[in-house]
file start-v3.cif (mmCIF, C-alpha atoms and all ligand atoms)
data_start
#
loop_
_atom_site.label_atom_id
_atom_site.label_comp_id
_atom_site.auth_asym_id
_atom_site.auth_seq_id
_atom_site.Cartn_x
_atom_site.Cartn_y
_atom_site.Cartn_z
CA MET H 22 -1.99 21.27 -14.78
CA PRO H 23 -5.18 19.25 -13.96
CA ASP H 24 -8.49 20.76 -15.10
CA PRO H 25 -10.16 21.81 -11.82
CA ASP H 26 -13.59 20.75 -13.16
CA THR H 27 -12.53 17.10 -13.53
CA PRO H 28 -12.52 15.32 -10.16
CA ILE H 29 -9.50 13.51 -8.75
CA GLU H 30 -10.13 9.81 -8.15
CA LEU H 31 -8.13 8.04 -5.44
CA ARG H 32 -7.81 4.35 -6.23
CA GLN H 33 -6.10 1.47 -4.45
CA LEU H 34 -4.48 -0.73 -7.07
CA ASP H 35 -4.38 -4.51 -7.14
CA ARG H 36 -1.96 -6.39 -9.41
CA ALA H 37 -4.10 -6.15 -12.56
CA ALA H 38 -4.93 -2.47 -12.12
CA ALA H 39 -1.28 -1.62 -11.39
CA GLU H 40 -0.03 -3.57 -14.40
CA ALA H 41 -2.40 -1.62 -16.63
CA LEU H 42 -0.86 1.61 -15.33
CA VAL H 43 2.83 0.58 -15.48
CA PRO H 44 3.84 3.06 -18.23
CA GLN H 45 2.25 5.91 -16.27
CA LEU H 46 3.77 4.74 -12.98
CA CYS H 47 7.22 4.63 -14.61
CA ALA H 48 6.77 8.16 -15.97
CA LEU H 49 5.62 9.39 -12.56
CA LEU H 50 8.62 7.86 -10.78
CA GLN H 51 11.03 9.18 -13.40
CA ASP H 52 9.59 12.69 -13.09
CA ALA H 53 9.78 12.59 -9.29
CA VAL H 54 13.38 11.36 -9.36
CA ALA H 55 14.26 14.05 -11.95
CA SER H 56 12.85 16.65 -9.56
CA GLY H 57 15.33 15.58 -6.89
CA GLY H 58 12.82 13.58 -4.85
CA SER H 59 13.86 11.35 -1.99
CA LEU H 60 12.98 8.05 -3.64
CA GLY H 61 16.09 5.88 -3.50
CA PHE H 62 17.33 6.44 -7.06
CA TRP H 63 19.91 8.59 -8.80
CA ARG H 64 18.81 10.84 -11.62
CA PRO H 65 18.17 10.37 -14.43
CA LEU H 66 16.24 7.18 -13.71
CA GLY H 67 16.42 4.93 -16.78
CA ASP H 68 13.46 3.08 -18.25
CA ASP H 69 14.75 -0.39 -17.35
CA ARG H 70 15.39 0.47 -13.71
CA ALA H 71 12.00 2.16 -13.38
CA LEU H 72 10.25 -0.84 -14.91
CA ALA H 73 12.14 -3.29 -12.67
CA TYR H 74 11.16 -1.22 -9.63
CA TRP H 75 7.45 -1.33 -10.49
CA ARG H 76 7.54 -5.05 -11.30
CA THR H 77 8.98 -5.77 -7.83
CA THR H 78 6.54 -3.39 -6.17
CA ILE H 79 3.53 -4.90 -7.92
CA ALA H 80 4.63 -8.39 -6.84
CA GLU H 81 4.71 -7.12 -3.23
CA VAL H 82 1.23 -5.64 -3.66
CA ASP H 83 0.05 -8.99 -4.96
CA ALA H 84 1.65 -10.76 -1.97
CA GLY H 85 -0.21 -8.45 0.44
CA GLU H 86 3.03 -6.89 1.70
CA ARG H 87 2.24 -3.36 0.52
CA LEU H 88 -0.69 -1.17 -0.45
CA LEU H 89 -0.47 1.07 -3.52
CA LEU H 90 -2.67 4.11 -3.99
CA VAL H 91 -2.84 6.42 -7.00
CA ALA H 92 -4.49 9.77 -7.69
CA LEU H 93 -6.11 9.68 -11.13
CA HIS H 94 -7.30 12.66 -13.13
CA ALA H 95 -9.19 11.83 -16.33
CA GLY H 96 -7.49 8.42 -16.29
CA GLU H 97 -3.99 9.88 -15.84
CA ALA H 98 -1.96 8.92 -12.77
CA LEU H 99 -0.82 12.26 -11.29
CA GLY H 100 0.46 10.94 -7.99
CA SER H 101 0.89 7.88 -5.83
CA VAL H 102 1.86 6.67 -2.38
CA GLN H 103 2.54 3.29 -0.80
CA LEU H 104 2.20 1.66 2.57
CA GLY H 105 4.72 -1.03 3.48
CA LEU H 106 3.06 -3.40 5.95
CA SER H 107 5.47 -4.66 8.59
CA PRO H 108 5.46 -8.48 8.56
CA LYS H 109 6.94 -8.68 12.07
CA GLN H 110 4.99 -10.55 14.73
CA ASN H 111 5.38 -7.68 17.18
CA ALA H 112 4.40 -5.00 14.67
CA PRO H 113 0.88 -5.77 13.44
CA HIS H 114 0.01 -2.14 14.17
CA ARG H 115 2.92 -0.56 12.26
CA ALA H 116 3.41 0.48 8.64
CA GLU H 117 5.82 2.65 6.65
CA VAL H 118 4.61 5.35 4.29
CA GLN H 119 6.80 5.20 1.18
CA LYS H 120 7.28 6.75 -2.24
CA LEU H 121 4.83 9.63 -2.00
CA MET H 122 5.12 11.42 -5.35
CA VAL H 123 3.22 13.90 -7.46
CA PHE H 124 4.03 14.96 -11.03
CA ARG H 125 5.83 18.31 -11.00
CA ALA H 126 3.12 19.86 -13.19
CA ALA H 127 0.45 18.95 -10.61
CA ARG H 128 2.20 20.03 -7.38
CA ARG H 129 1.08 22.59 -4.80
CA GLN H 130 -2.58 21.87 -5.50
CA GLY H 131 -3.19 19.60 -2.54
CA LEU H 132 -2.64 16.23 -4.23
CA GLY H 133 0.16 15.20 -1.89
CA GLN H 134 -1.99 16.00 1.07
CA LEU H 135 -4.96 14.17 -0.45
CA LEU H 136 -2.84 11.04 -0.99
CA MET H 137 -1.49 11.17 2.56
CA ARG H 138 -4.98 11.50 4.06
CA ALA H 139 -6.15 8.58 1.93
CA VAL H 140 -3.21 6.36 2.86
CA GLU H 141 -3.83 7.12 6.52
CA ARG H 142 -7.44 5.94 6.12
CA LEU H 143 -6.22 2.77 4.41
CA ALA H 144 -3.71 2.19 7.20
CA SER H 145 -6.32 2.72 9.85
CA ASP H 146 -8.74 0.33 8.12
CA ALA H 147 -5.95 -2.27 8.05
CA GLY H 148 -5.31 -1.82 11.80
CA ARG H 149 -1.97 -0.07 11.17
CA THR H 150 -2.19 2.80 13.64
CA LEU H 151 1.51 3.69 13.91
CA LEU H 152 2.97 5.19 10.73
CA ILE H 153 6.67 5.83 10.21
CA LEU H 154 8.51 7.49 7.33
CA ASP H 155 11.67 9.33 6.41
CA THR H 156 12.49 11.94 3.83
CA ASN H 157 15.27 14.26 2.67
CA THR H 158 15.94 16.91 5.27
CA GLY H 159 14.84 20.33 3.99
CA SER H 160 12.63 18.90 1.21
CA ASP H 161 9.07 19.84 0.20
CA ALA H 162 8.00 16.45 1.54
CA GLU H 163 9.42 17.26 4.96
CA ARG H 164 7.24 20.40 5.08
CA LEU H 165 4.20 18.39 3.98
CA TYR H 166 4.66 15.74 6.68
CA SER H 167 5.11 18.38 9.37
CA ALA H 168 1.98 20.16 8.15
CA LEU H 169 0.06 16.88 8.42
CA GLY H 170 0.99 16.35 12.05
CA TYR H 171 3.86 13.88 11.70
CA GLN H 172 6.20 14.06 14.67
CA ARG H 173 9.83 14.73 13.83
CA VAL H 174 12.05 12.15 15.55
CA GLY H 175 15.40 13.41 14.37
CA VAL H 176 17.90 13.72 11.56
CA ILE H 177 20.38 11.12 10.31
CA PRO H 178 23.29 12.87 8.58
CA ARG H 179 24.93 11.34 5.48
CA TYR H 180 21.94 9.00 5.04
CA SER H 181 22.08 8.89 1.25
CA VAL H 182 24.62 9.72 -1.41
CA GLU H 183 23.91 11.21 -4.83
CA ALA H 184 25.58 10.25 -8.11
CA ASP H 185 27.94 13.23 -7.79
CA GLY H 186 28.97 12.17 -4.28
CA GLU H 187 26.81 14.73 -2.44
CA GLU H 188 25.64 13.35 0.90
CA ARG H 189 22.11 14.06 2.12
CA ALA H 190 20.57 13.89 5.55
CA THR H 191 17.19 12.28 6.19
CA THR H 192 14.54 13.23 8.74
CA LEU H 193 12.60 10.49 10.53
CA PHE H 194 8.91 11.00 11.36
CA TYR H 195 6.10 9.06 12.99
CA LYS H 196 2.38 9.56 13.47
CA SER H 197 0.01 7.69 15.76
CA LEU H 198 -3.41 7.50 14.19
CA GLY H 199 -6.16 8.13 16.71
CA ALA H 200 -6.05 10.96 19.20
CA GLU H 201 -5.93 8.61 22.19
CA ARG H 202 -2.49 7.40 21.12
CA ASP H 203 -0.86 10.82 20.40
C1 LIG C 1 6.30 15.97 -1.64
C2 LIG C 1 5.25 16.05 -2.75
C3 LIG C 1 4.59 14.70 -2.92
C4 LIG C 1 4.20 17.10 -2.36
O1 LIG C 1 3.14 17.02 -3.32
P1 LIG C 1 2.15 18.26 -3.55
O2 LIG C 1 1.00 17.73 -4.32
O3 LIG C 1 2.88 19.41 -4.10
O4 LIG C 1 1.73 18.60 -2.05
P2 LIG C 1 0.50 19.50 -1.61
O5 LIG C 1 0.09 20.41 -2.71
O6 LIG C 1 -0.54 18.62 -1.02
O7 LIG C 1 1.18 20.35 -0.46
C5 LIG C 1 0.75 20.17 0.83
C6 LIG C 1 1.60 21.01 1.78
O8 LIG C 1 2.96 20.56 1.78
C7 LIG C 1 3.82 21.68 1.92
N1 LIG C 1 4.54 21.85 0.67
C8 LIG C 1 4.47 21.05 -0.43
N2 LIG C 1 5.31 21.52 -1.39
C9 LIG C 1 5.92 22.61 -0.87
C10 LIG C 1 6.89 23.53 -1.36
N3 LIG C 1 7.40 23.44 -2.61
N4 LIG C 1 7.30 24.54 -0.54
C11 LIG C 1 6.78 24.69 0.69
N5 LIG C 1 5.85 23.84 1.22
C12 LIG C 1 5.44 22.82 0.45
C13 LIG C 1 2.93 22.85 2.20
O9 LIG C 1 2.64 22.87 3.58
C14 LIG C 1 1.71 22.47 1.41
O10 LIG C 1 0.55 23.10 1.77
P3 LIG C 1 0.16 24.51 1.03
O11 LIG C 1 0.24 24.29 -0.48
O12 LIG C 1 -1.24 24.77 1.52
O13 LIG C 1 1.17 25.50 1.52
C15 LIG C 1 5.93 16.50 -4.08
O14 LIG C 1 6.67 17.67 -3.85
C16 LIG C 1 6.83 15.44 -4.68
O15 LIG C 1 6.38 14.56 -5.42
N6 LIG C 1 8.15 15.49 -4.39
C17 LIG C 1 9.12 14.55 -4.99
C18 LIG C 1 9.00 13.17 -4.43
C19 LIG C 1 9.44 13.08 -2.99
O16 LIG C 1 10.49 13.55 -2.60
N7 LIG C 1 8.61 12.42 -2.19
C20 LIG C 1 8.88 12.18 -0.80
C21 LIG C 1 9.24 10.75 -0.61
S1 LIG C 1 9.56 10.44 1.12
#
call {"tool": "encode", "arguments": {"input": "start-v3.cif", "output": "structure tokens"}}
result
Amino acid sequence: MPDPDTPIELRQLDRAAAEALVPQLCALLQDAVASGGSLGFWRPLGDDRALAYWRTTIAEVDAGERLLLVALHAGEALGSVQLGLSPKQNAPHRAEVQKLMVFRAARRQGLGQLLMRAVERLASDAGRTLLILDTNTGSDAERLYSALGYQRVGVIPRYSVEADGEERATTLFYKSLGAERD
């Protein structure tokens, strides 16, 4: 549980800063997957797979294909979110919000919302005014996105399958940044 007297720092990571935080980023991803988060992995997420994921992600950050933001509390990464920048010629204004996650011990204190607000500012600064995302139908994340004004497009049944064979639906959302576009 973060000490409320120590401020949360939101930081955009470049390659070097992300590499310095790799052990913490792996632990964060493993905790989020263990909690049943909609992150593309089966639980439990092993160390090697988590490390390989962050290595690939950091290379994409370095290539300018994605932005990576973390919420730090006394030097500890408590949450993170990413923005995948569409490389398509006809989509210079579009980006996908991905891998929003907060350590279980730090949830329901506004960190998820803080990260989403910050990633929206980053997107806007980068000229990406149409955000898209998807998440497990019925999840905490789905409630968060709705609360933040994301428009629900619809549900895709059987979108993902768990290790035990359970199929899960996903809900697609979008948000146009800037009132004139809503
Ligand atoms: C989704 C997640 C990032 C939310 O993080 P968080 O720090 O708990 O979110 P916040 O405290 O900012 O919550 C903001 C709002 O989201 C909604 N919300 C979040 N968790 C909720 C829950 N367990 N039940 C109901 N509403 C919830 C509420 O509207 C909440 O506002 P409130 O606390 O004022 O009621 C976190 O639950 C998580 O890491 N989940 C696992 C990873 C995952 O599935 N990510 C989505 C990838 S697409």
call {"tool": "residues_around", "arguments": {"input": "start-v3.cif", "residues": "segment 170-173 of chain H", "least_positions_apart": "3", "cutoff": "7 Å", "atoms": "only C-alpha atoms", "output": "PyMOL selection string"}}
result
chain H and resi 166-167+193-196
call {"tool": "axis_aligned_box", "arguments": {"input": "start-v3.cif", "around": "segment 86-89 of chain H", "padding_each_side": "6 Å", "output": "lines of an AutoDock Vina configuration file"}}
result
center_x = 1.2
center_y = -2.9
center_z = -0.9
size_x = 15.7
size_y = 20.0
size_z = 17.2
call {"tool": "residues_near_ligand", "arguments": {"input": "start-v3.cif", "ligand": "ligand LIG 1 (chain C)", "cutoff": "7 Å", "atoms": "all atoms listed in the file", "output": "count of residues only"}}
result
32
call {"tool": "closest_atom_pairs", "arguments": {"input": "start-v3.cif", "of": "segment 25-60 of chain H", "to": "segment 141-153 of chain H", "cutoff": "12 Å", "atoms": "only C-alpha atoms", "output": "tab-separated table"}}
result
residue	atom	partner	partner_atom	distance
H:Leu31	CA	H:Leu143	CA	11.3
H:Arg32	CA	H:Leu143	CA	10.9
H:Gln33	CA	H:Leu143	CA	9.0
call {"tool": "residues_around", "arguments": {"input": "start-v3.cif", "residues": "Ala92 of chain H", "least_positions_apart": "3", "cutoff": "8 Å", "atoms": "all atoms listed in the file", "output": "NGL selection string"}}
result
:H and (29-32 or 98-101 or 132 or 136)
call {"tool": "closest_residue", "arguments": {"input": "start-v3.cif", "among": "H:Val174, H:Thr192, H:Asp185, H:Leu198", "to": "Arg64 of chain H", "atoms": "all atoms listed in the file"}}
result
H:Asp185
call {"tool": "atom_distance", "arguments": {"input": "start-v3.cif", "atom1": "atom CA of Leu46 of chain H", "atom2": "atom CA of His94 of chain H"}}
result
13.6 Å
call {"tool": "atom_distance", "arguments": {"input": "start-v3.cif", "atom1": "atom CA of Val118 of chain H", "atom2": "atom CA of Gly105 of chain H"}}
result
6.4 Å
call {"tool": "residues_around", "arguments": {"input": "start-v3.cif", "residues": "Asp68 of chain H", "least_positions_apart": "4", "cutoff": "9 Å", "atoms": "only C-alpha atoms", "output": "PyMOL selection string"}}
result
chain H and resi 47-48+51+72-73
call {"tool": "atom_distance", "arguments": {"input": "start-v3.cif", "atom1": "atom CA of Asp24 of chain H", "atom2": "atom CA of Val140 of chain H"}}
result
23.6 Å
call {"tool": "residues_around", "arguments": {"input": "start-v3.cif", "residues": "Asp35 of chain H", "least_positions_apart": "6", "cutoff": "12 Å", "atoms": "all atoms listed in the file", "output": "list in words"}}
result
Ala41, Leu42, Thr78, Ile79, Ala80, Glu81, Val82, Asp83, Ala84, Gly85, Glu86, Arg87, Leu88, Leu89, Leu90 and Val91 of chain H
call {"tool": "closest_residue", "arguments": {"input": "start-v3.cif", "among": "H:Leu106, H:Leu66, H:Ala116, H:Leu34", "to": "Leu93 of chain H", "atoms": "all atoms listed in the file"}}
result
H:Leu34
call {"tool": "closest_residue", "arguments": {"input": "start-v3.cif", "among": "H:Gly96, H:Arg138, H:Glu183, H:Tyr74", "to": "Ala38 of chain H", "atoms": "all atoms listed in the file"}}
result
H:Gly96
